[in-house]
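Everything below concerns the one structure shown next.
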Amino acid sequence: MFTCITESPEQTSDLAVAVGKRIREGTVLCLEGDLGAGKTLFVQAMAATLGVESEVTSPTFNLMNIYEGICPILHFDLYRLETEEQLEDIGFFEYTENPEGIVVIEWADKFPDALPEEYVTVRLERTENPDERCILFSCIGERNEEFLKELEESCQS
Ligand code: ADP
Ligand code: MG
């Protein structure tokens, strides 16, 4: 696990670009944090780095968007989802259990039991400064550990 402090939306975007450059196909990336924490902003910068040219918006109402970049990018937002059954209805498990491309899940912490065996978590927390975020990276899985180690090294240099 490691933590980064960003002092502006641009710095959070830069961090998401660093993630986009290193993230591996097949990764599930869970984004946690309150409304307005910066989850969608993070996905936007990451998706652009992965070659997505269309506009990335929060799939709050439709629950999932698929973007085509260098690989498919599946963007879930579970904010409005009420039950785990609804996850089945939207095909969540087919998409996350053996992901083709990259899966990004906003509000993943609402359904911790529904998450696959291995994933990366990015938690965005506000501080007393309105433009500052404390961003915590953690993961489950050996392959994800390697990815986070690379990311941490890139953030320090
Ligand atoms: P979420 O998807 O978590 O609800 P959004 O990404 O839609 O949040 O919105 C984040 C808002 O916070 C944006 O308006 C952004 O400009 C603002 N913001 C201010 N400082 C930061 C920062 N350091 N990192 C990310 N967003 C920030
Ligand atoms: Mg959002």
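Following the order of the structure tokens, chains are lettered A, B, ..., residues in each are numbered from 1, and ligands are numbered from 1.
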* **For Glu68 of chain A: contacts at 10 Å, only C-alpha atoms, fewer than 6 positions along chain excluded, given as a list in words** => Ala47, Leu50, Gly51, Val52, Glu53, Ser54, Leu74 and Gly101 of chain A
* Can you list, as number ranges by chain, every protein, DNA or RNA residue that comes within 12 Å of Phe2 of chain A when you count only C-alpha atoms, leaving out same-chain residues fewer than 2 positions away? -> A: 4-5, 120-123, 134-139, 145, 148-153, 155-156
Output N, CA and C atoms for every residue in the selection just made, as a PDB file, in the first residue's frame.
ATOM      1  N   CYS A   4      -0.480   8.915  -1.994  1.00  0.00           N
ATOM      2  CA  CYS A   4      -0.011  10.122  -2.678  1.00  0.00           C
ATOM      3  C   CYS A   4      -0.936  11.261  -2.277  1.00  0.00           C
ATOM      4  N   ILE A   5      -0.372  12.425  -2.126  1.00  0.00           N
ATOM      5  CA  ILE A   5      -1.204  13.609  -1.902  1.00  0.00           C
ATOM      6  C   ILE A   5      -1.212  14.403  -3.200  1.00  0.00           C
ATOM      7  N   VAL A 120      -7.272  -3.988  -7.669  1.00  0.00           N
ATOM      8  CA  VAL A 120      -6.512  -2.843  -7.151  1.00  0.00           C
ATOM      9  C   VAL A 120      -7.535  -1.859  -6.601  1.00  0.00           C
ATOM     10  N   THR A 121      -7.256  -1.276  -5.457  1.00  0.00           N
ATOM     11  CA  THR A 121      -8.148  -0.270  -4.893  1.00  0.00           C
ATOM     12  C   THR A 121      -7.463   1.094  -4.879  1.00  0.00           C
ATOM     13  N   VAL A 122      -8.198   2.097  -5.330  1.00  0.00           N
ATOM     14  CA  VAL A 122      -7.731   3.484  -5.236  1.00  0.00           C
ATOM     15  C   VAL A 122      -8.761   4.220  -4.401  1.00  0.00           C
ATOM     16  N   ARG A 123      -8.333   4.702  -3.258  1.00  0.00           N
ATOM     17  CA  ARG A 123      -9.257   5.404  -2.372  1.00  0.00           C
ATOM     18  C   ARG A 123      -8.907   6.886  -2.334  1.00  0.00           C
ATOM     19  N   CYS A 134      -6.064  12.936  -0.617  1.00  0.00           N
ATOM     20  CA  CYS A 134      -5.134  11.917  -0.167  1.00  0.00           C
ATOM     21  C   CYS A 134      -5.550  10.637  -0.895  1.00  0.00           C
ATOM     22  N   ILE A 135      -4.644  10.082  -1.691  1.00  0.00           N
ATOM     23  CA  ILE A 135      -5.015   8.962  -2.556  1.00  0.00           C
ATOM     24  C   ILE A 135      -4.239   7.712  -2.137  1.00  0.00           C
ATOM     25  N   LEU A 136      -5.006   6.708  -1.733  1.00  0.00           N
ATOM     26  CA  LEU A 136      -4.383   5.489  -1.192  1.00  0.00           C
ATOM     27  C   LEU A 136      -4.522   4.345  -2.188  1.00  0.00           C
ATOM     28  N   PHE A 137      -3.416   3.729  -2.495  1.00  0.00           N
ATOM     29  CA  PHE A 137      -3.405   2.585  -3.403  1.00  0.00           C
ATOM     30  C   PHE A 137      -3.168   1.316  -2.602  1.00  0.00           C
ATOM     31  N   SER A 138      -3.991   0.311  -2.863  1.00  0.00           N
ATOM     32  CA  SER A 138      -3.746  -0.993  -2.253  1.00  0.00           C
ATOM     33  C   SER A 138      -4.238  -2.060  -3.225  1.00  0.00           C
ATOM     34  N   CYS A 139      -3.952  -3.314  -2.933  1.00  0.00           N
ATOM     35  CA  CYS A 139      -4.399  -4.339  -3.887  1.00  0.00           C
ATOM     36  C   CYS A 139      -4.434  -5.717  -3.254  1.00  0.00           C
ATOM     37  N   GLU A 145       0.330  -6.519  -7.109  1.00  0.00           N
ATOM     38  CA  GLU A 145       1.420  -6.028  -6.249  1.00  0.00           C
ATOM     39  C   GLU A 145       2.560  -5.490  -7.108  1.00  0.00           C
ATOM     40  N   LEU A 148       1.591  -2.180  -8.591  1.00  0.00           N
ATOM     41  CA  LEU A 148       1.626  -1.071  -7.627  1.00  0.00           C
ATOM     42  C   LEU A 148       3.049  -0.683  -7.260  1.00  0.00           C
ATOM     43  N   LYS A 149       3.940  -1.671  -7.267  1.00  0.00           N
ATOM     44  CA  LYS A 149       5.337  -1.378  -6.967  1.00  0.00           C
ATOM     45  C   LYS A 149       5.932  -0.478  -8.066  1.00  0.00           C
ATOM     46  N   GLU A 150       5.630  -0.849  -9.304  1.00  0.00           N
ATOM     47  CA  GLU A 150       6.087  -0.029 -10.439  1.00  0.00           C
ATOM     48  C   GLU A 150       5.517   1.378 -10.353  1.00  0.00           C
ATOM     49  N   LEU A 151       4.244   1.449 -10.008  1.00  0.00           N
ATOM     50  CA  LEU A 151       3.572   2.748  -9.940  1.00  0.00           C
ATOM     51  C   LEU A 151       4.194   3.603  -8.836  1.00  0.00           C
ATOM     52  N   GLU A 152       4.439   2.994  -7.707  1.00  0.00           N
ATOM     53  CA  GLU A 152       5.024   3.721  -6.581  1.00  0.00           C
ATOM     54  C   GLU A 152       6.402   4.264  -6.956  1.00  0.00           C
ATOM     55  N   GLU A 153       7.185   3.430  -7.630  1.00  0.00           N
ATOM     56  CA  GLU A 153       8.522   3.877  -8.061  1.00  0.00           C
ATOM     57  C   GLU A 153       8.410   5.063  -9.017  1.00  0.00           C
ATOM     58  N   CYS A 155       6.094   7.237  -9.129  1.00  0.00           N
ATOM     59  CA  CYS A 155       5.613   8.426  -8.432  1.00  0.00           C
ATOM     60  C   CYS A 155       6.729   9.097  -7.633  1.00  0.00           C
ATOM     61  N   GLN A 156       7.700   8.292  -7.248  1.00  0.00           N
ATOM     62  CA  GLN A 156       8.793   8.864  -6.433  1.00  0.00           C
ATOM     63  C   GLN A 156       9.833   9.564  -7.294  1.00  0.00           C
TER      64      GLN A 156
END
* With only C-alpha atoms and all ligand atoms counted, collect every polymer residue having an atom within 6 Å of ligand 2; state the result as an MDAnalysis selection string. => chainID A and resid 39:40 58
Go ahead and save the picked residues with N, CA, C and O atoms, as a PDB file, in the first residue's frame.
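Saved as again.pdb:
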ATOM      1  N   LYS A  39     -13.266  10.441  -8.398  1.00  0.00           N
ATOM      2  CA  LYS A  39     -13.241   9.112  -9.032  1.00  0.00           C
ATOM      3  C   LYS A  39     -13.397   9.210 -10.552  1.00  0.00           C
ATOM      4  O   LYS A  39     -12.639   8.612 -11.311  1.00  0.00           O
ATOM      5  N   THR A  40     -14.397   9.979 -10.979  1.00  0.00           N
ATOM      6  CA  THR A  40     -14.642  10.077 -12.422  1.00  0.00           C
ATOM      7  C   THR A  40     -13.499  10.812 -13.116  1.00  0.00           C
ATOM      8  O   THR A  40     -13.053  10.406 -14.196  1.00  0.00           O
ATOM      9  N   SER A  58     -19.656   9.789 -15.898  1.00  0.00           N
ATOM     10  CA  SER A  58     -20.002   8.818 -14.862  1.00  0.00           C
ATOM     11  C   SER A  58     -21.255   8.043 -15.262  1.00  0.00           C
ATOM     12  O   SER A  58     -22.278   8.640 -15.548  1.00  0.00           O
TER      13      SER A  58
END
* Would you list the residues that come within 7 Å of ligand 1? Count only C-alpha atoms and all ligand atoms and give the answer as number ranges by chain. => A: 6-9, 11-12, 33-42, 58, 130-133
Nearby residues (only C-alpha atoms) at most 6 Å from segment 75-79 of chain A, same-chain spacing under 3 positions excluded, as a PDB file with all heavy atoms, in the first residue's frame:
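out.pdb, written as the output of this step:
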ATOM      1  N   PRO A  59     -21.195   6.724 -15.297  1.00  0.00           N
ATOM      2  CA  PRO A  59     -22.395   5.958 -15.672  1.00  0.00           C
ATOM      3  C   PRO A  59     -23.334   5.788 -14.481  1.00  0.00           C
ATOM      4  O   PRO A  59     -23.742   4.693 -14.138  1.00  0.00           O
ATOM      5  CB  PRO A  59     -21.810   4.621 -16.134  1.00  0.00           C
ATOM      6  CG  PRO A  59     -20.531   4.484 -15.380  1.00  0.00           C
ATOM      7  CD  PRO A  59     -20.031   5.869 -15.054  1.00  0.00           C
ATOM      8  N   THR A  60     -23.669   6.915 -13.848  1.00  0.00           N
ATOM      9  CA  THR A  60     -24.476   6.854 -12.623  1.00  0.00           C
ATOM     10  C   THR A  60     -25.853   6.252 -12.898  1.00  0.00           C
ATOM     11  O   THR A  60     -26.365   5.478 -12.100  1.00  0.00           O
ATOM     12  CB  THR A  60     -24.623   8.269 -12.028  1.00  0.00           C
ATOM     13  OG1 THR A  60     -23.312   8.797 -11.869  1.00  0.00           O
ATOM     14  CG2 THR A  60     -25.293   8.226 -10.680  1.00  0.00           C
ATOM     15  N   LEU A  63     -25.312   2.681 -15.105  1.00  0.00           N
ATOM     16  CA  LEU A  63     -24.492   1.737 -14.334  1.00  0.00           C
ATOM     17  C   LEU A  63     -23.213   1.273 -15.014  1.00  0.00           C
ATOM     18  O   LEU A  63     -22.236   0.953 -14.357  1.00  0.00           O
ATOM     19  CB  LEU A  63     -25.298   0.501 -13.901  1.00  0.00           C
ATOM     20  CG  LEU A  63     -26.568   0.797 -13.110  1.00  0.00           C
ATOM     21  CD1 LEU A  63     -27.383  -0.473 -12.938  1.00  0.00           C
ATOM     22  CD2 LEU A  63     -26.256   1.394 -11.759  1.00  0.00           C
ATOM     23  N   MET A  64     -23.202   1.195 -16.344  1.00  0.00           N
ATOM     24  CA  MET A  64     -21.971   0.764 -16.999  1.00  0.00           C
ATOM     25  C   MET A  64     -21.815   1.416 -18.366  1.00  0.00           C
ATOM     26  O   MET A  64     -22.769   1.525 -19.122  1.00  0.00           O
ATOM     27  CB  MET A  64     -21.956  -0.748 -17.200  1.00  0.00           C
ATOM     28  CG  MET A  64     -20.642  -1.197 -17.801  1.00  0.00           C
ATOM     29  SD  MET A  64     -20.582  -2.933 -18.262  1.00  0.00           S
ATOM     30  CE  MET A  64     -21.599  -2.988 -19.683  1.00  0.00           C
ATOM     31  N   ASN A  65     -20.604   1.848 -18.670  1.00  0.00           N
ATOM     32  CA  ASN A  65     -20.242   2.298 -20.021  1.00  0.00           C
ATOM     33  C   ASN A  65     -19.081   1.441 -20.498  1.00  0.00           C
ATOM     34  O   ASN A  65     -18.239   1.025 -19.695  1.00  0.00           O
ATOM     35  CB  ASN A  65     -19.768   3.755 -20.007  1.00  0.00           C
ATOM     36  CG  ASN A  65     -20.903   4.735 -19.745  1.00  0.00           C
ATOM     37  OD1 ASN A  65     -22.050   4.471 -20.057  1.00  0.00           O
ATOM     38  ND2 ASN A  65     -20.562   5.868 -19.162  1.00  0.00           N
ATOM     39  N   VAL A 104     -13.164  -0.776 -14.453  1.00  0.00           N
ATOM     40  CA  VAL A 104     -13.060   0.262 -13.427  1.00  0.00           C
ATOM     41  C   VAL A 104     -14.405   0.349 -12.729  1.00  0.00           C
ATOM     42  O   VAL A 104     -15.450   0.397 -13.383  1.00  0.00           O
ATOM     43  CB  VAL A 104     -12.740   1.634 -14.063  1.00  0.00           C
ATOM     44  CG1 VAL A 104     -12.386   2.635 -12.995  1.00  0.00           C
ATOM     45  CG2 VAL A 104     -11.607   1.511 -15.057  1.00  0.00           C
ATOM     46  N   ILE A 105     -14.397   0.347 -11.400  1.00  0.00           N
ATOM     47  CA  ILE A 105     -15.659   0.326 -10.647  1.00  0.00           C
ATOM     48  C   ILE A 105     -15.694   1.471  -9.637  1.00  0.00           C
ATOM     49  O   ILE A 105     -14.945   1.457  -8.645  1.00  0.00           O
ATOM     50  CB  ILE A 105     -15.840  -1.015  -9.901  1.00  0.00           C
ATOM     51  CG1 ILE A 105     -15.576  -2.203 -10.826  1.00  0.00           C
ATOM     52  CG2 ILE A 105     -17.234  -1.097  -9.290  1.00  0.00           C
ATOM     53  CD1 ILE A 105     -15.456  -3.534 -10.093  1.00  0.00           C
ATOM     54  N   GLU A 106     -16.548   2.466  -9.894  1.00  0.00           N
ATOM     55  CA  GLU A 106     -16.763   3.515  -8.901  1.00  0.00           C
ATOM     56  C   GLU A 106     -17.731   2.990  -7.846  1.00  0.00           C
ATOM     57  O   GLU A 106     -18.675   2.294  -8.156  1.00  0.00           O
ATOM     58  CB  GLU A 106     -17.341   4.789  -9.549  1.00  0.00           C
ATOM     59  CG  GLU A 106     -16.372   5.456 -10.505  1.00  0.00           C
ATOM     60  CD  GLU A 106     -16.817   6.847 -10.953  1.00  0.00           C
ATOM     61  OE1 GLU A 106     -17.342   7.614 -10.128  1.00  0.00           O
ATOM     62  OE2 GLU A 106     -16.628   7.152 -12.149  1.00  0.00           O
ATOM     63  N   TRP A 107     -17.499   3.337  -6.605  1.00  0.00           N
ATOM     64  CA  TRP A 107     -18.310   2.889  -5.464  1.00  0.00           C
ATOM     65  C   TRP A 107     -18.245   1.368  -5.282  1.00  0.00           C
ATOM     66  O   TRP A 107     -19.222   0.740  -4.851  1.00  0.00           O
ATOM     67  CB  TRP A 107     -19.785   3.314  -5.612  1.00  0.00           C
ATOM     68  CG  TRP A 107     -19.960   4.797  -5.540  1.00  0.00           C
ATOM     69  CD1 TRP A 107     -20.070   5.653  -6.605  1.00  0.00           C
ATOM     70  CD2 TRP A 107     -20.021   5.617  -4.370  1.00  0.00           C
ATOM     71  NE1 TRP A 107     -20.195   6.946  -6.166  1.00  0.00           N
ATOM     72  CE2 TRP A 107     -20.176   6.951  -4.798  1.00  0.00           C
ATOM     73  CE3 TRP A 107     -19.954   5.353  -2.995  1.00  0.00           C
ATOM     74  CZ2 TRP A 107     -20.270   8.021  -3.908  1.00  0.00           C
ATOM     75  CZ3 TRP A 107     -20.058   6.420  -2.123  1.00  0.00           C
ATOM     76  CH2 TRP A 107     -20.210   7.731  -2.579  1.00  0.00           C
TER      77      TRP A 107
END
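Within 7 Å of Gly20 of chain A, once only C-alpha atoms are used and residues closer than 2 positions along the same chain are dropped, the contacting residues are Ala16, Val17, Ala18, Arg22, Ile23, Met46, Ala47, Thr49 and Leu50 of chain A.
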